[in-house]
Amino acid sequence: MTRPLIALPCRFAARTSALRYSAEVTARALAEAVYRAGGEPFMMHPAEPRHAAERLARCDGLLLPGGGDLAPHTYGAADVHEEVYDVDDAQDAFDLAAIRYALRSGLPTLAVCRGMQVLNVALGGTLTQDMPTHHRHLVHPVRLREGSAVAAAMGTDVGRAVRRAVGRDVGTEKIEASCYHHQSLDRLGRGLTVTGRAADGTVEAVELREAKGLLLAVQWHPEDTAATDEAQHGLFTALAEAASRHHG
């Protein structure tokens, strides 16, 4: 079996328990979710954004993970809220270069939490620097729009087709999402449409109308429950399958 290579940009860590120096890390749950879905997670050193395109060209897919906050200046904000944390300009520059390459090339992409925010900023959108109520350590329902890419990947459209056949069609599908974030999308980036919201109106999923390849973007952390939740696992499966087709 030849697994498609899924680039997973690492996150900088000031210290870890097993190393004497600062480190670059990947959430084990993310790597395991990619592998379980049939992909080969490739932990990528987030350096030299000007070379991101040629480095990503060898990959079959991209998973843009969660992490610290984007620097507010990346979306034109002059002020910095006191709750903004773990800003790293090098990390921001690489992530933005990576998603811009994926958008240009059609590289299959799954953007998670901060990853969705990076996508929004790359397309000219803005962020709410600190939500009135944080979504940390929170599992809550999210309603997905019928026919959206995320709904299809999570398999929810199948259940909706059954309900339509018996005369009941609510037009949206509710899933349970594990969240950890204090920022959210504010002004949407160019071409993005909202395809998922929490009960309080927070944007939980978006898609790009004219995406050249698979583009799944969610605010929650599907890796938290992907091992036991088939719907969440479906996001990683969709990425791995699209990456296999991209690989040819």
# chains A, B, ... in the order shown; residues from 1 in each chain; ligands from 1

$ select_by_dssp --residues "stretch 23-168 of chain A" --states "strand (DSSP E)" --output "list of chain:residue names"
A:Ala23, A:Glu24, A:Val25, A:Glu40, A:Pro41, A:Phe42, A:Met43, A:Met44, A:Gly61, A:Leu62, A:Leu63, A:Leu64, A:Thr109, A:Leu110, A:Ala111, A:Val112, A:Leu127, A:Thr128, A:His135, A:Arg136, A:His137, A:Leu138, A:Val139, A:His140, A:Pro141, A:Val142, A:Arg143, A:Leu144, A:Arg145

$ write_last_selection --atoms "C-alpha atoms" --output "CSV table (one decimal), in the first residue's frame"
chain,number,residue,atom,x,y,z
A,23,ALA,CA,10.9,21.6,20.0
A,24,GLU,CA,8.7,21.3,17.0
A,25,VAL,CA,5.6,19.2,17.8
A,40,GLU,CA,1.2,9.1,5.7
A,41,PRO,CA,1.6,12.1,8.1
A,42,PHE,CA,4.6,14.1,7.1
A,43,MET,CA,5.7,16.4,9.9
A,44,MET,CA,7.0,19.5,8.0
A,61,GLY,CA,-2.3,16.7,0.8
A,62,LEU,CA,-2.1,19.3,3.5
A,63,LEU,CA,-3.5,19.3,7.1
A,64,LEU,CA,-3.2,22.7,8.6
A,109,THR,CA,-6.5,20.4,2.4
A,110,LEU,CA,-8.1,19.9,5.8
A,111,ALA,CA,-7.9,23.1,7.9
A,112,VAL,CA,-8.5,22.6,11.6
A,127,LEU,CA,-10.8,37.4,13.2
A,128,THR,CA,-12.5,38.2,16.5
A,135,HIS,CA,-15.1,27.7,23.4
A,136,ARG,CA,-12.5,25.9,25.4
A,137,HIS,CA,-12.9,22.3,26.6
A,138,LEU,CA,-16.3,22.4,25.0
A,139,VAL,CA,-18.3,19.7,23.2
A,140,HIS,CA,-21.4,21.2,21.6
A,141,PRO,CA,-23.7,20.7,18.7
A,142,VAL,CA,-22.9,22.2,15.3
A,143,ARG,CA,-25.4,22.5,12.4
A,144,LEU,CA,-24.0,21.8,9.0
A,145,ARG,CA,-25.5,23.1,5.8

$ residues_around --residues "A:Ala205" --least-positions-apart "5" --cutoff "7 Å" --atoms "only C-alpha atoms" --output "VMD selection string"
chain A and resid 194 to 197 217 to 219

$ write_last_selection --atoms "N, CA, C and O atoms" --output "PDB file, in the first residue's frame"
ATOM      1  N   VAL A 194     -20.272  30.293   4.743  1.00  0.00           N
ATOM      2  CA  VAL A 194     -20.437  29.584   6.015  1.00  0.00           C
ATOM      3  C   VAL A 194     -21.299  28.352   5.782  1.00  0.00           C
ATOM      4  O   VAL A 194     -22.396  28.442   5.233  1.00  0.00           O
ATOM      5  N   THR A 195     -20.802  27.200   6.212  1.00  0.00           N
ATOM      6  CA  THR A 195     -21.564  25.961   6.051  1.00  0.00           C
ATOM      7  C   THR A 195     -21.798  25.253   7.385  1.00  0.00           C
ATOM      8  O   THR A 195     -22.368  24.163   7.408  1.00  0.00           O
ATOM      9  N   GLY A 196     -21.377  25.869   8.488  1.00  0.00           N
ATOM     10  CA  GLY A 196     -21.630  25.292   9.799  1.00  0.00           C
ATOM     11  C   GLY A 196     -21.581  26.365  10.869  1.00  0.00           C
ATOM     12  O   GLY A 196     -20.713  27.239  10.835  1.00  0.00           O
ATOM     13  N   ARG A 197     -22.525  26.293  11.810  1.00  0.00           N
ATOM     14  CA  ARG A 197     -22.566  27.247  12.917  1.00  0.00           C
ATOM     15  C   ARG A 197     -22.913  26.545  14.224  1.00  0.00           C
ATOM     16  O   ARG A 197     -23.646  25.548  14.228  1.00  0.00           O
ATOM     17  N   ALA A 217     -12.734  22.897   5.962  1.00  0.00           N
ATOM     18  CA  ALA A 217     -12.270  23.826   6.993  1.00  0.00           C
ATOM     19  C   ALA A 217     -13.267  23.848   8.138  1.00  0.00           C
ATOM     20  O   ALA A 217     -14.433  24.181   7.943  1.00  0.00           O
ATOM     21  N   VAL A 218     -12.793  23.464   9.331  1.00  0.00           N
ATOM     22  CA  VAL A 218     -13.656  23.407  10.511  1.00  0.00           C
ATOM     23  C   VAL A 218     -12.980  24.104  11.684  1.00  0.00           C
ATOM     24  O   VAL A 218     -11.748  24.064  11.821  1.00  0.00           O
ATOM     25  N   GLN A 219     -13.790  24.711  12.550  1.00  0.00           N
ATOM     26  CA  GLN A 219     -13.254  25.406  13.714  1.00  0.00           C
ATOM     27  C   GLN A 219     -12.979  24.446  14.875  1.00  0.00           C
ATOM     28  O   GLN A 219     -12.175  24.739  15.749  1.00  0.00           O
TER      29      GLN A 219
END

$ select_by_dssp --residues "stretch 135-224 of chain A" --states "alpha helix (DSSP H)" --output "number ranges by chain"
A: 149-153, 156-165

$ residues_around --residues "A:Ala243" --least-positions-apart "6" --cutoff "6 Å" --atoms "only C-alpha atoms" --output "compact mmCIF listing (two decimals) with C-alpha atoms, in the first residue's frame"
# COMPACT_ATOMS: atom_id res chain seq x y z
CA PRO A 4 -0.50 9.55 0.17
CA ASP A 60 -0.31 14.84 -1.86
CA GLY A 61 -2.31 16.72 0.76
CA PRO A 108 -6.33 18.63 -1.00

$ residues_around --residues "A:Leu119" --least-positions-apart "5" --cutoff "9 Å" --atoms "only C-alpha atoms" --output "ChimeraX atom specification"
/A:95-96,99-100,111,114,124-125,189,217

$ write_last_selection --atoms "C-alpha atoms" --output "PDB file, in the first residue's frame"
ATOM      1  CA  ASP A  95       1.068  28.665   7.458  1.00  0.00           C
ATOM      2  CA  LEU A  96      -0.141  31.516   5.264  1.00  0.00           C
ATOM      3  CA  ILE A  99      -2.538  27.614   2.459  1.00  0.00           C
ATOM      4  CA  ARG A 100      -1.957  30.046  -0.402  1.00  0.00           C
ATOM      5  CA  ALA A 111      -7.861  23.089   7.918  1.00  0.00           C
ATOM      6  CA  ARG A 114      -6.332  27.841  13.748  1.00  0.00           C
ATOM      7  CA  GLY A 124      -8.538  38.769   3.261  1.00  0.00           C
ATOM      8  CA  GLY A 125     -10.829  37.979   6.183  1.00  0.00           C
ATOM      9  CA  GLY A 189     -12.455  36.036   3.342  1.00  0.00           C
ATOM     10  CA  ALA A 217     -12.270  23.826   6.993  1.00  0.00           C
TER      11      ALA A 217
END

$ atom_distance --atom1 "atom CA of A:Ala14" --atom2 "atom CA of A:Gln183"
22.1 Å

$ closest_residue --among "A:Arg3, A:Arg190, A:Arg50, A:His73" --to "A:Ser244" --atoms "only C-alpha atoms"
A:Arg3

$ closest_residue --among "A:Thr26, A:Gly38, A:Leu216, A:Val121" --to "A:Ala77" --atoms "only C-alpha atoms"
A:Val121

$ closest_atom_pairs --of "stretch 32-58 of chain A" --to "stretch 225-232 of chain A" --cutoff "9 Å" --atoms "only C-alpha atoms" --output "Markdown table"
| residue | atom | partner | partner_atom | distance |
| --- | --- | --- | --- | --- |
| A:Glu32 | CA | A:Ala227 | CA | 8.7 |
| A:Ala33 | CA | A:Ala226 | CA | 6.6 |
| A:Arg36 | CA | A:Ala227 | CA | 8.4 |

$ write_last_selection --atoms "C-alpha atoms" --output "JSON list (two decimals), in the first residue's frame"
[["chain", "number", "residue", "atom", "x", "y", "z"],
["A", 32, "GLU", "CA", -2.90, 8.99, 14.23],
["A", 33, "ALA", "CA", -6.11, 10.20, 12.58],
["A", 36, "ARG", "CA", -5.85, 5.59, 10.45]]

$ residues_around --residues "A:Ala71" --least-positions-apart "6" --cutoff "9 Å" --atoms "only C-alpha atoms" --output "PyMOL selection string"
chain A and resi 77+80+84-85+87-89+92

$ write_last_selection --atoms "C-alpha atoms" --output "PDB file, in the first residue's frame"
ATOM      1  CA  ALA A  77      -5.691  44.964  13.190  1.00  0.00           C
ATOM      2  CA  VAL A  80      -3.787  43.469  20.229  1.00  0.00           C
ATOM      3  CA  VAL A  84      -3.967  36.930  22.397  1.00  0.00           C
ATOM      4  CA  TYR A  85      -1.303  34.305  23.079  1.00  0.00           C
ATOM      5  CA  VAL A  87       1.961  34.498  18.547  1.00  0.00           C
ATOM      6  CA  ASP A  88       4.889  33.489  16.336  1.00  0.00           C
ATOM      7  CA  ASP A  89       5.567  35.449  13.168  1.00  0.00           C
ATOM      8  CA  ASP A  92       2.207  32.630  10.726  1.00  0.00           C
TER       9      ASP A  92
END

$ closest_residue --among "A:Ala90, A:Leu208, A:Ala242, A:Met116" --to "A:Ala47" --atoms "only C-alpha atoms"
A:Ala90

$ closest_residue --among "A:Ala57, A:Ala93, A:Leu235, A:Leu192" --to "A:Leu70" --atoms "only C-alpha atoms"
A:Ala93

$ decode --residues "stretch 33-62 of chain A" --atoms "N, CA and C atoms" --output "JSON list (two decimals), in the first residue's frame"
[["chain", "number", "residue", "atom", "x", "y", "z"],
["A", 33, "ALA", "N", -4.89, 10.11, 13.39],
["A", 33, "ALA", "CA", -6.11, 10.20, 12.58],
["A", 33, "ALA", "C", -5.79, 10.13, 11.09],
["A", 34, "VAL", "N", -4.72, 10.81, 10.68],
["A", 34, "VAL", "CA", -4.30, 10.76, 9.28],
["A", 34, "VAL", "C", -3.89, 9.34, 8.91],
["A", 35, "TYR", "N", -3.11, 8.70, 9.76],
["A", 35, "TYR", "CA", -2.63, 7.35, 9.47],
["A", 35, "TYR", "C", -3.79, 6.36, 9.44],
["A", 36, "ARG", "N", -4.69, 6.48, 10.39],
["A", 36, "ARG", "CA", -5.85, 5.59, 10.45],
["A", 36, "ARG", "C", -6.69, 5.70, 9.19],
["A", 37, "ALA", "N", -6.73, 6.90, 8.62],
["A", 37, "ALA", "CA", -7.53, 7.14, 7.41],
["A", 37, "ALA", "C", -6.83, 6.68, 6.14],
["A", 38, "GLY", "N", -5.58, 6.24, 6.26],
["A", 38, "GLY", "CA", -4.86, 5.75, 5.09],
["A", 38, "GLY", "C", -3.78, 6.67, 4.57],
["A", 39, "GLY", "N", -3.55, 7.80, 5.24],
["A", 39, "GLY", "CA", -2.51, 8.74, 4.83],
["A", 39, "GLY", "C", -1.22, 8.52, 5.58],
["A", 40, "GLU", "N", -0.15, 9.10, 5.07],
["A", 40, "GLU", "CA", 1.16, 9.07, 5.72],
["A", 40, "GLU", "C", 1.44, 10.48, 6.23],
["A", 41, "PRO", "N", 1.34, 10.71, 7.56],
["A", 41, "PRO", "CA", 1.58, 12.05, 8.09],
["A", 41, "PRO", "C", 3.06, 12.44, 7.95],
["A", 42, "PHE", "N", 3.29, 13.59, 7.36],
["A", 42, "PHE", "CA", 4.65, 14.09, 7.13],
["A", 42, "PHE", "C", 4.82, 15.38, 7.92],
["A", 43, "MET", "N", 5.54, 15.28, 9.04],
["A", 43, "MET", "CA", 5.73, 16.44, 9.91],
["A", 43, "MET", "C", 6.70, 17.41, 9.23],
["A", 44, "MET", "N", 6.21, 18.56, 8.83],
["A", 44, "MET", "CA", 6.99, 19.50, 8.05],
["A", 44, "MET", "C", 7.53, 20.64, 8.91],
["A", 45, "HIS", "N", 8.81, 20.90, 8.78],
["A", 45, "HIS", "CA", 9.46, 22.00, 9.48],
["A", 45, "HIS", "C", 8.94, 23.32, 8.91],
["A", 46, "PRO", "N", 8.30, 24.17, 9.73],
["A", 46, "PRO", "CA", 7.69, 25.41, 9.21],
["A", 46, "PRO", "C", 8.71, 26.53, 9.06],
["A", 47, "ALA", "N", 9.55, 26.43, 8.04],
["A", 47, "ALA", "CA", 10.60, 27.42, 7.83],
["A", 47, "ALA", "C", 10.60, 27.90, 6.38],
["A", 48, "GLU", "N", 11.20, 29.06, 6.17],
["A", 48, "GLU", "CA", 11.38, 29.63, 4.84],
["A", 48, "GLU", "C", 10.09, 29.60, 4.01],
["A", 49, "PRO", "N", 9.14, 30.42, 4.38],
["A", 49, "PRO", "CA", 7.87, 30.43, 3.66],
["A", 49, "PRO", "C", 8.01, 30.69, 2.17],
["A", 50, "ARG", "N", 9.07, 31.36, 1.76],
["A", 50, "ARG", "CA", 9.24, 31.62, 0.32],
["A", 50, "ARG", "C", 9.48, 30.33, -0.45],
["A", 51, "HIS", "N", 9.85, 29.26, 0.25],
["A", 51, "HIS", "CA", 10.07, 27.97, -0.40],
["A", 51, "HIS", "C", 8.95, 26.97, -0.10],
["A", 52, "ALA", "N", 7.88, 27.43, 0.51],
["A", 52, "ALA", "CA", 6.79, 26.53, 0.90],
["A", 52, "ALA", "C", 6.20, 25.81, -0.31],
["A", 53, "ALA", "N", 6.05, 26.53, -1.41],
["A", 53, "ALA", "CA", 5.41, 25.92, -2.59],
["A", 53, "ALA", "C", 6.22, 24.74, -3.11],
["A", 54, "GLU", "N", 7.53, 24.92, -3.30],
["A", 54, "GLU", "CA", 8.33, 23.83, -3.86],
["A", 54, "GLU", "C", 8.44, 22.67, -2.88],
["A", 55, "ARG", "N", 8.39, 22.95, -1.59],
["A", 55, "ARG", "CA", 8.44, 21.87, -0.60],
["A", 55, "ARG", "C", 7.12, 21.10, -0.55],
["A", 56, "LEU", "N", 6.01, 21.82, -0.64],
["A", 56, "LEU", "CA", 4.70, 21.18, -0.60],
["A", 56, "LEU", "C", 4.38, 20.46, -1.91],
["A", 57, "ALA", "N", 5.06, 20.82, -2.97],
["A", 57, "ALA", "CA", 4.79, 20.20, -4.28],
["A", 57, "ALA", "C", 5.04, 18.70, -4.26],
["A", 58, "ARG", "N", 5.88, 18.22, -3.35],
["A", 58, "ARG", "CA", 6.15, 16.78, -3.26],
["A", 58, "ARG", "C", 5.07, 16.05, -2.47],
["A", 59, "CYS", "N", 4.15, 16.80, -1.85],
["A", 59, "CYS", "CA", 3.12, 16.21, -0.99],
["A", 59, "CYS", "C", 1.81, 16.02, -1.76],
["A", 60, "ASP", "N", 0.97, 15.15, -1.23],
["A", 60, "ASP", "CA", -0.31, 14.84, -1.86],
["A", 60, "ASP", "C", -1.48, 15.52, -1.17],
["A", 61, "GLY", "N", -1.25, 16.05, 0.02],
["A", 61, "GLY", "CA", -2.31, 16.72, 0.76],
["A", 61, "GLY", "C", -1.71, 17.57, 1.85],
["A", 62, "LEU", "N", -2.54, 18.40, 2.48],
["A", 62, "LEU", "CA", -2.11, 19.31, 3.54],
["A", 62, "LEU", "C", -3.12, 19.28, 4.67]]
